[in-house]
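Structure file input10.txt with compact mmCIF, C-alpha atoms and all ligand atoms:
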# COMPACT_ATOMS: atom_id res chain seq x y z
CA MET T 437 19.84 15.76 -19.20
CA LYS T 438 21.39 13.55 -16.47
CA THR T 439 22.43 10.04 -17.52
CA ALA T 440 22.48 6.86 -15.44
CA ILE T 441 23.51 3.24 -15.90
CA VAL T 442 21.63 0.69 -13.80
CA ILE T 443 23.26 -2.75 -13.48
CA GLY T 444 20.83 -5.67 -13.00
CA GLY T 445 17.30 -6.07 -14.31
CA GLY T 446 15.44 -7.49 -11.31
CA ILE T 447 12.95 -5.52 -9.20
CA ALA T 448 15.79 -3.44 -7.67
CA GLY T 449 17.16 -2.42 -11.08
CA CYS T 450 13.77 -1.93 -12.75
CA SER T 451 12.36 0.17 -9.92
CA THR T 452 15.58 2.23 -9.79
CA ALA T 453 15.36 2.83 -13.56
CA TYR T 454 11.71 3.84 -13.09
CA ALA T 455 12.43 6.25 -10.22
CA LEU T 456 15.21 7.98 -12.18
CA ALA T 457 13.44 8.00 -15.55
CA LYS T 458 10.32 9.65 -14.14
CA ARG T 459 12.57 12.55 -13.01
CA GLY T 460 13.88 13.01 -16.54
CA THR T 461 17.16 11.05 -16.23
CA HIS T 462 18.12 9.02 -19.27
CA VAL T 463 18.71 5.46 -18.01
CA THR T 464 20.54 2.53 -19.61
CA LEU T 465 19.57 -0.72 -17.85
CA ILE T 466 22.05 -3.59 -18.27
CA GLU T 467 20.91 -7.19 -17.68
CA ARG T 468 23.08 -10.23 -18.32
CA GLN T 469 20.17 -12.62 -18.89
CA THR T 470 18.20 -12.64 -22.15
CA ALA T 471 15.25 -10.88 -20.48
CA LEU T 472 14.51 -8.80 -17.38
CA ALA T 473 13.46 -10.43 -14.08
CA GLN T 474 14.98 -13.88 -14.45
CA GLY T 475 16.71 -14.09 -11.05
CA ALA T 476 14.95 -13.84 -7.68
CA SER T 477 12.48 -11.47 -9.35
CA GLY T 478 11.55 -14.21 -11.82
CA ASN T 479 9.12 -16.01 -9.51
CA PRO T 480 5.67 -15.97 -11.14
CA VAL T 481 4.13 -14.49 -8.02
CA ALA T 482 5.39 -12.84 -4.81
CA MET T 483 3.56 -12.11 -1.59
CA LEU T 484 3.24 -8.58 -0.25
CA TYR T 485 3.08 -8.43 3.51
CA PRO T 486 5.08 -6.51 6.07
CA LYS T 487 7.21 -8.14 8.72
CA PHE T 488 5.29 -7.87 11.93
CA ASN T 489 6.95 -8.54 15.24
CA SER T 490 6.67 -7.81 18.88
CA GLY T 491 8.79 -4.66 18.98
CA LYS T 492 9.91 -1.85 16.74
CA SER T 493 13.13 -2.53 14.87
CA ILE T 494 14.89 -1.05 11.84
CA LEU T 495 13.93 -4.16 9.93
CA SER T 496 10.22 -3.93 10.68
CA ASP T 497 10.23 -0.16 10.07
CA VAL T 498 11.87 -0.63 6.66
CA ALA T 499 9.41 -3.41 5.76
CA SER T 500 6.47 -1.35 6.93
CA ALA T 501 7.52 1.76 4.98
CA GLY T 502 8.28 -0.37 1.92
CA PHE T 503 4.93 -2.10 2.14
CA SER T 504 3.11 1.26 2.02
CA TYR T 505 5.35 2.47 -0.78
CA THR T 506 4.80 -0.60 -3.00
CA HIS T 507 1.05 -0.24 -2.39
CA SER T 508 1.07 3.32 -3.70
CA LEU T 509 3.31 2.35 -6.63
CA LEU T 510 0.99 -0.48 -7.68
CA LYS T 511 -1.99 1.87 -7.62
CA GLN T 512 -0.24 3.96 -10.29
CA CYS T 513 0.30 0.95 -12.58
CA SER T 514 -2.01 0.22 -15.47
CA ASN T 515 -3.51 -3.24 -15.98
CA ALA T 516 -3.84 -3.52 -12.18
CA GLN T 517 -6.20 -6.51 -12.26
CA GLN T 518 -3.61 -8.64 -14.03
CA LEU T 519 -0.70 -7.38 -11.97
CA TYR T 520 -1.60 -7.65 -8.30
CA ASP T 521 -4.38 -8.25 -5.80
CA ILE T 522 -4.79 -6.95 -2.26
CA CYS T 523 -6.50 -10.16 -1.17
CA GLY T 524 -5.49 -10.12 2.52
CA GLN T 525 -3.28 -12.52 4.45
CA ILE T 526 -3.96 -14.90 7.30
CA GLN T 527 -1.10 -15.64 9.68
CA LEU T 528 -2.00 -18.80 11.55
CA ALA T 529 -0.87 -19.16 15.18
CA PHE T 530 0.68 -22.52 14.38
CA ASN T 531 2.71 -22.97 17.57
CA ALA T 532 3.14 -21.46 21.04
CA ARG T 533 6.01 -19.21 19.94
CA GLU T 534 3.96 -17.80 17.07
CA GLN T 535 0.99 -17.29 19.41
CA ALA T 536 3.14 -15.26 21.80
CA LYS T 537 4.59 -13.25 18.88
CA GLN T 538 1.12 -12.48 17.58
CA GLN T 539 -0.07 -11.37 20.99
CA ALA T 540 2.93 -9.07 21.32
CA SER T 541 2.32 -7.56 17.86
CA LEU T 542 -1.29 -6.86 18.78
CA ASN T 543 -0.03 -5.01 21.87
CA ASN T 544 2.37 -3.02 19.68
CA LYS T 545 0.21 -1.90 16.82
CA THR T 546 2.11 1.31 16.06
CA ALA T 547 3.81 0.03 12.93
CA HIS T 548 1.03 -2.12 11.57
CA THR T 549 -2.39 -0.92 12.54
CA ALA T 550 -4.29 -3.11 10.09
CA ILE T 551 -3.96 -6.34 12.07
CA GLU T 552 -6.86 -8.17 13.66
CA TRP T 553 -6.95 -11.34 15.72
CA LEU T 554 -9.67 -13.76 14.54
CA ASP T 555 -10.64 -17.28 15.57
CA ALA T 556 -10.51 -20.28 13.25
CA VAL T 557 -14.16 -19.93 12.20
CA GLN T 558 -13.76 -16.26 11.28
CA LEU T 559 -10.49 -16.96 9.47
CA SER T 560 -12.13 -19.79 7.50
CA GLU T 561 -14.75 -17.31 6.32
CA LYS T 562 -12.06 -14.87 5.21
CA ALA T 563 -10.08 -17.56 3.40
CA ASN T 564 -13.13 -19.33 2.03
CA ILE T 565 -11.60 -22.69 2.93
CA PRO T 566 -11.80 -24.54 6.27
CA LEU T 567 -8.96 -23.62 8.67
CA SER T 568 -8.47 -25.14 12.11
CA MET T 569 -6.24 -22.54 13.82
CA ASP T 570 -6.78 -19.04 15.15
CA GLY T 571 -4.48 -16.24 14.03
CA LEU T 572 -4.06 -12.78 12.58
CA TRP T 573 -5.85 -11.15 9.65
CA LEU T 574 -3.94 -8.55 7.59
CA PRO T 575 -6.47 -7.06 5.15
CA GLU T 576 -3.91 -4.91 3.29
CA ALA T 577 -1.60 -7.77 2.27
CA GLY T 578 -1.67 -9.26 -1.20
CA TRP T 579 0.37 -10.62 -4.09
CA VAL T 580 2.05 -9.25 -7.22
CA LYS T 581 3.50 -10.73 -10.43
CA PRO T 582 7.15 -9.59 -10.33
CA GLN T 583 7.98 -10.07 -14.00
CA GLN T 584 4.96 -8.07 -15.12
CA LEU T 585 5.77 -5.35 -12.57
CA CYS T 586 9.36 -5.14 -13.86
CA ALA T 587 8.05 -4.90 -17.44
CA GLN T 588 5.67 -2.06 -16.51
CA LEU T 589 8.28 -0.12 -14.57
CA THR T 590 10.69 -0.09 -17.50
CA GLN T 591 8.17 1.09 -20.10
CA SER T 592 9.51 4.59 -20.53
CA ASP T 593 11.10 6.54 -23.36
CA ASN T 594 13.81 7.44 -20.86
CA ILE T 595 14.82 3.78 -20.27
CA HIS T 596 16.93 1.83 -22.72
CA CYS T 597 17.31 -1.87 -21.78
CA ILE T 598 20.34 -3.85 -22.92
CA THR T 599 19.81 -7.55 -22.16
CA ASN T 600 22.09 -10.55 -22.69
CA THR T 601 24.98 -8.32 -21.63
CA GLU T 602 27.09 -8.42 -18.51
CA ALA T 603 28.48 -5.31 -16.84
CA ILE T 604 32.12 -6.22 -16.21
CA THR T 605 33.72 -3.22 -14.50
CA VAL T 606 32.72 0.14 -13.08
CA GLN T 607 35.37 2.87 -13.03
CA GLN T 608 35.46 6.57 -12.33
CA ASN T 609 36.44 8.54 -15.43
CA VAL T 610 37.01 12.23 -14.67
CA SER T 611 33.51 13.52 -13.85
CA GLN T 612 31.63 10.47 -15.14
CA TRP T 613 31.43 6.71 -14.54
CA GLN T 614 32.48 4.18 -17.11
CA VAL T 615 30.86 0.75 -17.26
CA THR T 616 32.66 -1.84 -19.35
CA LEU T 617 30.60 -4.42 -21.24
CA ALA T 618 31.99 -7.25 -23.39
CA LYS T 619 31.94 -5.23 -26.63
CA GLN T 620 31.74 -1.59 -25.56
CA SER T 621 32.03 0.87 -22.70
CA LEU T 622 29.32 3.24 -21.57
CA LEU T 623 29.67 6.56 -19.76
CA ALA T 624 27.10 8.12 -17.42
CA ASP T 625 26.83 10.64 -14.58
CA ILE T 626 25.40 8.04 -12.22
CA VAL T 627 25.75 4.27 -11.81
CA VAL T 628 23.41 2.26 -9.61
CA ILE T 629 24.58 -1.28 -8.84
CA CYS T 630 21.51 -3.54 -8.51
CA ASN T 631 22.89 -6.99 -9.25
CA ALA T 632 21.95 -8.73 -5.99
CA ASN T 633 24.48 -11.38 -4.89
CA ASP T 634 26.94 -10.30 -7.58
CA ILE T 635 27.57 -6.77 -6.30
CA LYS T 636 30.93 -7.94 -4.93
CA GLN T 637 32.25 -8.44 -8.46
CA PHE T 638 32.85 -4.68 -8.32
CA PRO T 639 35.78 -3.67 -6.07
CA GLN T 640 33.80 -0.63 -4.82
CA CYS T 641 31.43 -3.12 -3.06
CA GLN T 642 34.08 -5.43 -1.59
CA HIS T 643 33.38 -4.24 1.96
CA ILE T 644 29.71 -5.28 1.82
CA ALA T 645 28.75 -8.56 3.48
CA ILE T 646 26.11 -10.35 1.41
CA THR T 647 25.03 -14.01 1.41
CA PRO T 648 23.06 -15.95 -1.23
CA VAL T 649 20.10 -17.77 0.31
CA ARG T 650 18.57 -20.50 -1.82
CA GLY T 651 14.79 -20.65 -1.88
CA GLN T 652 12.51 -23.18 -3.53
CA VAL T 653 8.87 -22.48 -4.16
CA ASN T 654 6.46 -25.15 -5.43
CA PHE T 655 3.33 -24.77 -7.55
CA PHE T 656 0.25 -26.94 -7.97
CA THR T 657 -2.93 -26.70 -10.03
CA GLU T 658 -6.12 -25.55 -8.33
CA ASN T 659 -8.87 -28.10 -7.61
CA ALA T 660 -12.54 -27.84 -6.63
CA LEU T 661 -11.67 -27.45 -2.93
CA SER T 662 -8.81 -24.96 -3.34
CA GLN T 663 -10.31 -22.83 -6.12
CA PRO T 664 -12.62 -20.77 -3.84
CA MET T 665 -9.72 -19.81 -1.54
CA HIS T 666 -9.14 -16.08 -1.94
CA THR T 667 -6.54 -15.01 0.61
CA ILE T 668 -2.91 -15.87 1.36
CA VAL T 669 -2.57 -18.28 4.29
CA CYS T 670 0.74 -18.51 6.20
CA THR T 671 2.45 -20.53 8.87
CA ASP T 672 6.23 -20.26 8.54
CA HIS T 673 5.44 -20.93 4.85
CA TYR T 674 2.90 -19.22 2.61
CA LEU T 675 0.12 -20.65 0.47
CA SER T 676 -1.20 -18.32 -2.22
CA PRO T 677 -4.71 -18.36 -3.61
CA ALA T 678 -4.90 -19.78 -7.14
CA ILE T 679 -3.47 -17.17 -9.53
CA ASP T 680 -4.18 -18.02 -13.17
CA GLY T 681 -5.22 -21.46 -11.86
CA ILE T 682 -1.98 -22.15 -9.95
CA HIS T 683 -1.22 -22.04 -6.19
CA ALA T 684 2.26 -21.27 -4.86
CA ILE T 685 3.53 -22.87 -1.65
CA GLY T 686 6.87 -21.87 -0.21
CA THR T 687 9.53 -21.45 0.62
CA SER T 688 12.74 -23.09 1.73
CA TYR T 689 15.58 -20.94 3.18
CA ALA T 690 19.13 -22.24 2.76
CA PRO T 691 22.05 -19.79 3.16
CA ASN T 692 25.05 -20.51 0.90
CA ASP T 693 23.33 -23.46 -0.83
CA LEU T 694 24.09 -23.01 -4.53
CA ASN T 695 22.25 -26.10 -5.84
CA PRO T 696 20.25 -24.90 -8.89
CA ASN T 697 18.14 -28.06 -9.18
CA LEU T 698 14.76 -28.68 -7.62
CA SER T 699 15.23 -30.61 -4.37
CA ALA T 700 12.80 -33.44 -3.53
CA GLU T 701 13.41 -32.72 0.14
CA ASP T 702 12.35 -29.08 -0.27
CA THR T 703 9.27 -30.11 -2.25
CA GLN T 704 8.39 -32.48 0.59
CA SER T 705 8.88 -29.74 3.15
CA ASN T 706 6.69 -27.29 1.19
CA LEU T 707 3.96 -29.94 0.83
CA SER T 708 4.15 -30.71 4.57
CA ALA T 709 3.53 -27.00 5.11
CA LEU T 710 0.46 -27.28 2.87
CA ASN T 711 -0.70 -30.19 5.03
CA ALA T 712 -0.24 -28.10 8.18
CA ILE T 713 -2.28 -25.24 6.68
CA SER T 714 -5.07 -27.50 5.39
CA THR T 715 -5.05 -31.29 5.42
CA ALA T 716 -8.16 -31.25 3.23
CA LEU T 717 -6.31 -29.34 0.49
CA PHE T 718 -3.26 -31.55 0.89
CA ASN T 719 -5.40 -34.70 0.47
CA GLN T 720 -6.92 -33.30 -2.72
CA LEU T 721 -3.53 -32.47 -4.22
CA ASP T 722 -2.72 -33.94 -7.61
CA SER T 723 0.97 -34.61 -6.99
CA SER T 724 1.65 -34.99 -10.72
CA SER T 725 0.81 -31.28 -11.12
CA VAL T 726 3.51 -30.14 -8.64
CA THR T 727 6.29 -28.07 -10.20
CA GLY T 728 8.81 -25.69 -8.65
CA ARG T 729 11.41 -22.98 -9.08
CA VAL T 730 14.72 -22.25 -7.38
CA ALA T 731 16.25 -18.79 -6.93
CA TRP T 732 18.52 -16.94 -4.52
CA ARG T 733 17.71 -14.14 -2.15
CA SER T 734 20.55 -11.82 -1.08
CA ALA T 735 20.84 -11.43 2.67
CA THR T 736 22.95 -8.79 4.40
CA ARG T 737 24.61 -9.28 7.77
CA ASP T 738 21.84 -7.33 9.56
CA TYR T 739 19.06 -8.39 7.10
CA VAL T 740 18.45 -4.71 6.25
CA PRO T 741 18.67 -3.91 2.50
CA LEU T 742 21.43 -1.81 0.93
CA ALA T 743 20.33 1.51 -0.56
CA GLY T 744 22.29 4.66 -1.12
CA GLN T 745 25.65 6.10 -2.04
CA LEU T 746 28.90 4.19 -1.56
CA ILE T 747 31.93 5.37 0.41
CA ASP T 748 35.44 4.96 -1.03
CA GLU T 749 36.96 2.23 1.19
CA GLN T 750 40.59 2.95 0.32
CA ALA T 751 40.28 6.68 0.98
CA LEU T 752 38.43 6.03 4.24
CA ARG T 753 41.04 3.59 5.54
CA LYS T 754 43.89 5.87 4.46
CA LYS T 755 42.52 8.79 6.47
CA PRO T 756 39.99 7.44 8.99
CA PRO T 757 37.60 10.18 10.17
CA ARG T 758 37.01 10.93 13.85
CA TYR T 759 33.72 9.97 15.47
CA ASN T 760 32.55 13.62 15.59
CA ASP T 761 33.44 14.51 11.99
CA ASN T 762 30.63 15.64 9.72
CA PRO T 763 29.33 12.65 7.67
CA ALA T 764 29.19 15.01 4.66
CA ASP T 765 33.00 15.02 4.73
CA LEU T 766 33.32 11.24 4.35
CA PRO T 767 34.93 10.16 1.05
CA TRP T 768 31.63 9.54 -0.76
CA LEU T 769 31.88 8.10 -4.27
CA THR T 770 29.90 10.83 -5.99
CA GLY T 771 27.43 9.29 -8.43
CA LEU T 772 27.88 5.62 -7.36
CA TYR T 773 24.92 3.95 -5.61
CA VAL T 774 23.70 0.46 -4.63
CA ASN T 775 20.18 -0.98 -4.43
CA ALA T 776 20.48 -4.63 -3.31
CA GLY T 777 20.34 -7.06 -0.38
CA HIS T 778 16.56 -7.35 -0.32
CA GLY T 779 16.37 -10.79 1.32
CA SER T 780 12.88 -12.29 1.37
CA LYS T 781 10.99 -9.02 0.91
CA GLY T 782 12.33 -7.39 -2.25
CA MET T 783 8.92 -6.63 -3.71
CA ILE T 784 8.20 -4.35 -0.77
CA THR T 785 11.68 -2.97 -0.08
CA ALA T 786 13.32 -2.49 -3.51
CA PRO T 787 10.90 0.12 -4.97
CA MET T 788 11.11 2.27 -1.83
CA CYS T 789 14.91 2.01 -1.87
CA ALA T 790 14.85 3.07 -5.53
CA GLU T 791 12.82 6.14 -4.62
CA LEU T 792 15.24 6.94 -1.79
CA ILE T 793 18.21 6.77 -4.18
CA ALA T 794 16.40 9.08 -6.62
CA ASN T 795 15.73 11.48 -3.70
CA GLN T 796 19.43 11.48 -2.80
CA ILE T 797 20.59 12.00 -6.40
CA ASN T 798 18.15 14.86 -6.93
CA GLN T 799 18.60 16.41 -3.46
CA GLU T 800 14.93 16.02 -2.59
CA PRO T 801 13.28 15.33 0.78
CA PHE T 802 13.56 11.60 1.51
CA VAL T 803 10.67 9.16 1.19
CA ILE T 804 11.66 7.78 4.64
CA THR T 805 13.22 9.25 7.77
CA HIS T 806 16.93 10.15 7.83
CA ARG T 807 17.36 7.52 10.56
CA LEU T 808 16.06 4.75 8.27
CA ALA T 809 17.97 6.09 5.28
CA SER T 810 21.17 5.96 7.37
CA ALA T 811 20.43 2.37 8.40
CA LEU T 812 20.11 1.41 4.72
CA ASN T 813 23.41 2.93 3.57
CA PRO T 814 25.46 0.22 1.82
CA SER T 815 28.76 1.31 3.44
CA ARG T 816 27.44 1.00 7.01
CA PHE T 817 29.43 -2.21 7.63
CA LEU T 818 32.64 -0.47 6.66
CA LEU T 819 31.95 2.44 9.01
CA ARG T 820 31.05 0.05 11.84
CA ASP T 821 34.21 -1.98 11.24
CA ILE T 822 36.40 1.08 11.68
CA GLY T 823 34.63 2.02 14.92
CA LEU T 824 32.15 4.63 13.59
CA LYS T 825 28.95 2.84 14.60
CA ARG T 826 27.35 6.00 15.99
CA MET T 827 27.95 7.86 12.75
CA THR T 828 26.05 5.15 10.83
CA GLN T 829 22.93 6.07 12.80
CA ASN T 830 22.88 9.60 11.44
CA LEU T 831 24.56 9.99 8.09
CA PHE T 832 22.25 12.74 6.86
CA THR T 833 22.84 15.70 9.12
CA PHE T 834 23.61 17.74 6.01
C1 LIG T 901 12.03 -18.54 -3.53
C2 LIG T 901 11.88 -17.08 -3.24
C3 LIG T 901 10.63 -16.59 -2.85
C4 LIG T 901 10.48 -15.22 -2.59
N1 LIG T 901 9.25 -14.75 -2.21
C5 LIG T 901 9.09 -13.42 -2.03
C6 LIG T 901 7.82 -12.90 -1.70
O1 LIG T 901 6.85 -13.63 -1.58
N2 LIG T 901 7.70 -11.54 -1.52
C7 LIG T 901 8.78 -10.70 -1.65
O2 LIG T 901 8.63 -9.48 -1.47
N3 LIG T 901 9.99 -11.18 -1.96
C8 LIG T 901 10.17 -12.52 -2.15
N4 LIG T 901 11.40 -13.01 -2.44
C9 LIG T 901 12.53 -12.07 -2.47
C10 LIG T 901 12.56 -11.28 -3.76
O3 LIG T 901 12.30 -12.14 -4.84
C11 LIG T 901 13.94 -10.64 -3.89
O4 LIG T 901 14.21 -9.87 -2.73
C12 LIG T 901 14.01 -9.71 -5.10
O5 LIG T 901 13.56 -10.36 -6.26
C13 LIG T 901 15.45 -9.24 -5.29
O6 LIG T 901 15.49 -8.43 -6.44
P1 LIG T 901 16.86 -7.93 -7.03
O7 LIG T 901 16.54 -7.09 -8.18
O8 LIG T 901 17.69 -7.38 -5.93
O9 LIG T 901 17.61 -9.27 -7.47
P2 LIG T 901 17.36 -10.22 -8.82
O10 LIG T 901 15.93 -10.26 -9.08
O11 LIG T 901 18.08 -11.45 -8.51
O12 LIG T 901 18.04 -9.34 -9.92
C14 LIG T 901 19.43 -9.19 -10.04
C15 LIG T 901 19.73 -9.18 -11.54
O13 LIG T 901 21.06 -8.79 -11.78
C16 LIG T 901 21.52 -9.48 -12.93
N5 LIG T 901 22.99 -9.40 -12.94
C17 LIG T 901 23.87 -9.94 -12.04
N6 LIG T 901 25.12 -9.55 -12.32
C18 LIG T 901 25.05 -8.77 -13.44
C19 LIG T 901 26.03 -8.06 -14.21
N7 LIG T 901 27.31 -8.06 -13.89
N8 LIG T 901 25.59 -7.38 -15.29
C20 LIG T 901 24.29 -7.34 -15.63
N9 LIG T 901 23.32 -7.99 -14.92
C21 LIG T 901 23.70 -8.68 -13.83
C22 LIG T 901 20.95 -10.87 -12.73
O14 LIG T 901 20.93 -11.59 -13.93
C23 LIG T 901 19.58 -10.56 -12.18
O15 LIG T 901 18.60 -10.46 -13.19
C24 LIG T 901 11.59 -14.36 -2.72
C25 LIG T 901 12.83 -14.86 -3.13
C26 LIG T 901 12.98 -16.20 -3.39
C27 LIG T 901 14.32 -16.70 -3.85
Would you mind writing the structure in this file as structure tokens?
Amino acid sequence: MKTAIVIGGGIAGCSTAYALAKRGTHVTLIERQTALAQGASGNPVAMLYPKFNSGKSILSDVASAGFSYTHSLLKQCSNAQQLYDICGQIQLAFNAREQAKQQASLNNKTAHTAIEWLDAVQLSEKANIPLSMDGLWLPEAGWVKPQQLCAQLTQSDNIHCITNTEAITVQQNVSQWQVTLAKQSLLADIVVICNANDIKQFPQCQHIAITPVRGQVNFFTENALSQPMHTIVCTDHYLSPAIDGIHAIGTSYAPNDLNPNLSAEDTQSNLSALNAISTALFNQLDSSSVTGRVAWRSATRDYVPLAGQLIDEQALRKKPPRYNDNPADLPWLTGLYVNAGHGSKGMITAPMCAELIANQINQEPFVITHRLASALNPSRFLLRDIGLKRMTQNLFTF
């Protein structure tokens, strides 16, 4: 039986453990917090909607494929009613730029066919609250509870979770990988690094550019006016329907801001967004019920997640390949993978990336195209930096 160590117990780590365990691999999942899903994946609720934009891009293709993949994954989960809801999303055309973007996405429906333009009256009917702007209706969007999803994904006899324990080093040890913890070392055939902004603690990931992006989401208790609302409504912020009696409004986006405390300014900005979505709801708000949570996304230089096998930087720099060399001959670190850098969309990108990594480990057909899988490779920045940009577009010719 193959063995794997997965480092980090957020959605990236839990979905990677799930994808490997269902193929019969014995997985040890290491999480430094006292429980799984306490970092970015610890928000009580996350929205599930693809990134739609005027043209096709790697980013929108990854989001679109991930959106479909998370949908199918959720359908396989038990206790679905408690876990997620495909309640639909309204994207209000809240300024001229957004209006133009929406028009362009309607003209370019290839990636996201389930989009419809509706006027304010029709959107108000969908949302079940009065809305004053026109916009887009995405019937397949919804929300999920990340902590519950992580718990479900790791319920397998093949997954052993070790919490309250930090992975300190990762080293190659003959034909296996050794992960050092405070009190012991573990050996496995495969290691998947899924610890978000902390991947750079491992020298094998030094070449990866990743930035922490602080986000604050606020919560408030439902009231008579807000309670009937049953879709997500967005401007450049989102407002969730009441889930277990609580609405979420968010979020702020602050690269490199490491302040762990709730910020009054961010709360104000989130509540202004609520006002822009519905002044009636804003006026009914009981401000004493407003709470919040801070966490950090992990953004890559090109905003595309990191998923796949690592390349040995030292070996690559020592003997740089030529542009027409076979990518199979690159100095791949056999058995060492990364699933991280999920930015603002981890609930839709991380599970698909986990499946892709399991495909690569087990030499199966990929869940996405080779072109997208190449774009996700975590060592792409390194290859680009040494002048092999073209190679990064097609790493899977073998
Ligand atoms: C405010 C906010 C709102 C968001 N809203 C949405 C949304 O609506 N929809 C959506 O799809 N996404 C949303 N996101 C993004 C999403 O939450 C993230 O993309 C996703 O949770 C990232 O998952 P992860 O597993 O990569 O990271 P995390 O969930 O941060 O998990 C990383 C884990 O690694 C652990 N760790 C770190 N170092 C070590 C080590 N050395 N050893 C052991 N464990 C270690 C950490 O403790 C942590 O638990 C939001 C993010 C924020 C911050």
Would you list the contacts of Gly524 in chain T as a PyMOL selection string, taking every protein, DNA or RNA residue within 8 Å and counting only C-alpha atoms, but skipping same-chain residues closer than 5 positions in sequence?
chain T and resi 573-578+667-668
Which of T:Ser676, T:Ser705, T:Asn631, T:Gln539 sits closest to ligand LIG 901 (chain T) [using only C-alpha atoms and all ligand atoms]:
T:Asn631
Report the closest atom pair, with its distance in Å rounded to one decimal, for each residue of range 670-739 of chain T that has an atom no farther than 12 Å from range 528-535 of chain T; count all atoms listed in the file, sort by chain and then rising residue number, and write it as a tab-separated table.
residue	atom	partner	partner_atom	distance
T:Cys670	CA	T:Leu528	CA	6.0
T:Thr671	CA	T:Leu528	CA	5.5
T:Asp672	CA	T:Phe530	CA	8.4
T:His673	CA	T:Leu528	CA	10.2
T:Tyr674	CA	T:Leu528	CA	10.2
T:Leu675	CA	T:Leu528	CA	11.4
T:Ala709	CA	T:Phe530	CA	10.7
T:Ala712	CA	T:Phe530	CA	8.4
T:Ile713	CA	T:Leu528	CA	8.1
T:Ser714	CA	T:Leu528	CA	11.1
Hey, can you spit out that residue selection with C-alpha atoms as an mmCIF file, keeping the file's coordinate frame?
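Printed below is again_23.cif as written:
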data_model
loop_
_atom_site.group_PDB
_atom_site.id
_atom_site.type_symbol
_atom_site.label_atom_id
_atom_site.label_comp_id
_atom_site.auth_asym_id
_atom_site.auth_seq_id
_atom_site.Cartn_x
_atom_site.Cartn_y
_atom_site.Cartn_z
ATOM 1 C CA CYS T 670 0.740 -18.510 6.200
ATOM 2 C CA THR T 671 2.450 -20.530 8.870
ATOM 3 C CA ASP T 672 6.230 -20.260 8.540
ATOM 4 C CA HIS T 673 5.440 -20.930 4.850
ATOM 5 C CA TYR T 674 2.900 -19.220 2.610
ATOM 6 C CA LEU T 675 0.120 -20.650 0.470
ATOM 7 C CA ALA T 709 3.530 -27.000 5.110
ATOM 8 C CA ALA T 712 -0.240 -28.100 8.180
ATOM 9 C CA ILE T 713 -2.280 -25.240 6.680
ATOM 10 C CA SER T 714 -5.070 -27.500 5.390
#
Give me the range 719-777 of chain T side of the contact with range 437-443 of chain T, cut-off 12 Å, one line per residue showing its nearest atom pair and distance in Å at one decimal, counting only C-alpha atoms, sorted by chain and residue number, as JSON lines.
{"residue": "T:Gly771", "atom": "CA", "partner": "T:Ala440", "partner_atom": "CA", "distance": 8.9}
{"residue": "T:Leu772", "atom": "CA", "partner": "T:Ala440", "partner_atom": "CA", "distance": 9.8}
{"residue": "T:Tyr773", "atom": "CA", "partner": "T:Val442", "partner_atom": "CA", "distance": 9.4}
{"residue": "T:Val774", "atom": "CA", "partner": "T:Val442", "partner_atom": "CA", "distance": 9.4}
{"residue": "T:Asn775", "atom": "CA", "partner": "T:Val442", "partner_atom": "CA", "distance": 9.6}
{"residue": "T:Ala776", "atom": "CA", "partner": "T:Ile443", "partner_atom": "CA", "distance": 10.7}
Measuring between all atoms listed in the file, which one of T:Trp732, T:Tyr454, T:Phe503, T:Phe718 shows the shortest distance to ligand LIG 901 (chain T)?
T:Trp732
Can you measure atom C15 of ligand LIG 901 (chain T) to CA of Leu752 in chain T for me? One decimal in Å is fine.
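Those two atoms sit 28.8 Å apart.
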What's the separation between CA of Thr657 in chain T and CA of Ile679 in chain T, in Å to one decimal place?
9.6 Å
State, in Å with one decimal place, the distance from CA of Asp765 in chain T to CA of Ala790 in chain T.
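Spanning CA of Asp765 in chain T to CA of Ala790 in chain T is a straight-line distance of 24.0 Å.
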Enumerate, as a compact mmCIF listing (two decimals) with C-alpha atoms, keeping the file's coordinate frame, the protein, DNA and RNA residues whose atoms approach (17.4, 6.5, 9.1) to within 12 Å, taking into account all atoms listed in the file and the coordinate frame of the file.
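What ended up in selection-v8.txt:
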# COMPACT_ATOMS: atom_id res chain seq x y z
CA SER T 493 13.13 -2.53 14.87
CA ILE T 494 14.89 -1.05 11.84
CA LEU T 495 13.93 -4.16 9.93
CA ASP T 497 10.23 -0.16 10.07
CA VAL T 498 11.87 -0.63 6.66
CA ALA T 501 7.52 1.76 4.98
CA VAL T 740 18.45 -4.71 6.25
CA ALA T 743 20.33 1.51 -0.56
CA GLY T 744 22.29 4.66 -1.12
CA LEU T 792 15.24 6.94 -1.79
CA PHE T 802 13.56 11.60 1.51
CA VAL T 803 10.67 9.16 1.19
CA ILE T 804 11.66 7.78 4.64
CA THR T 805 13.22 9.25 7.77
CA HIS T 806 16.93 10.15 7.83
CA ARG T 807 17.36 7.52 10.56
CA LEU T 808 16.06 4.75 8.27
CA ALA T 809 17.97 6.09 5.28
CA SER T 810 21.17 5.96 7.37
CA ALA T 811 20.43 2.37 8.40
CA LEU T 812 20.11 1.41 4.72
CA ASN T 813 23.41 2.93 3.57
CA ARG T 816 27.44 1.00 7.01
CA MET T 827 27.95 7.86 12.75
CA THR T 828 26.05 5.15 10.83
CA GLN T 829 22.93 6.07 12.80
CA ASN T 830 22.88 9.60 11.44
CA LEU T 831 24.56 9.99 8.09
CA PHE T 832 22.25 12.74 6.86
CA THR T 833 22.84 15.70 9.12
Go through T:Thr785, T:Thr464, T:Glu800, T:Thr452 and flag the residue nearest Ala624 in chain T, using only C-alpha atoms for the distances.
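Under the stated criterion, the closest residue is T:Thr464.
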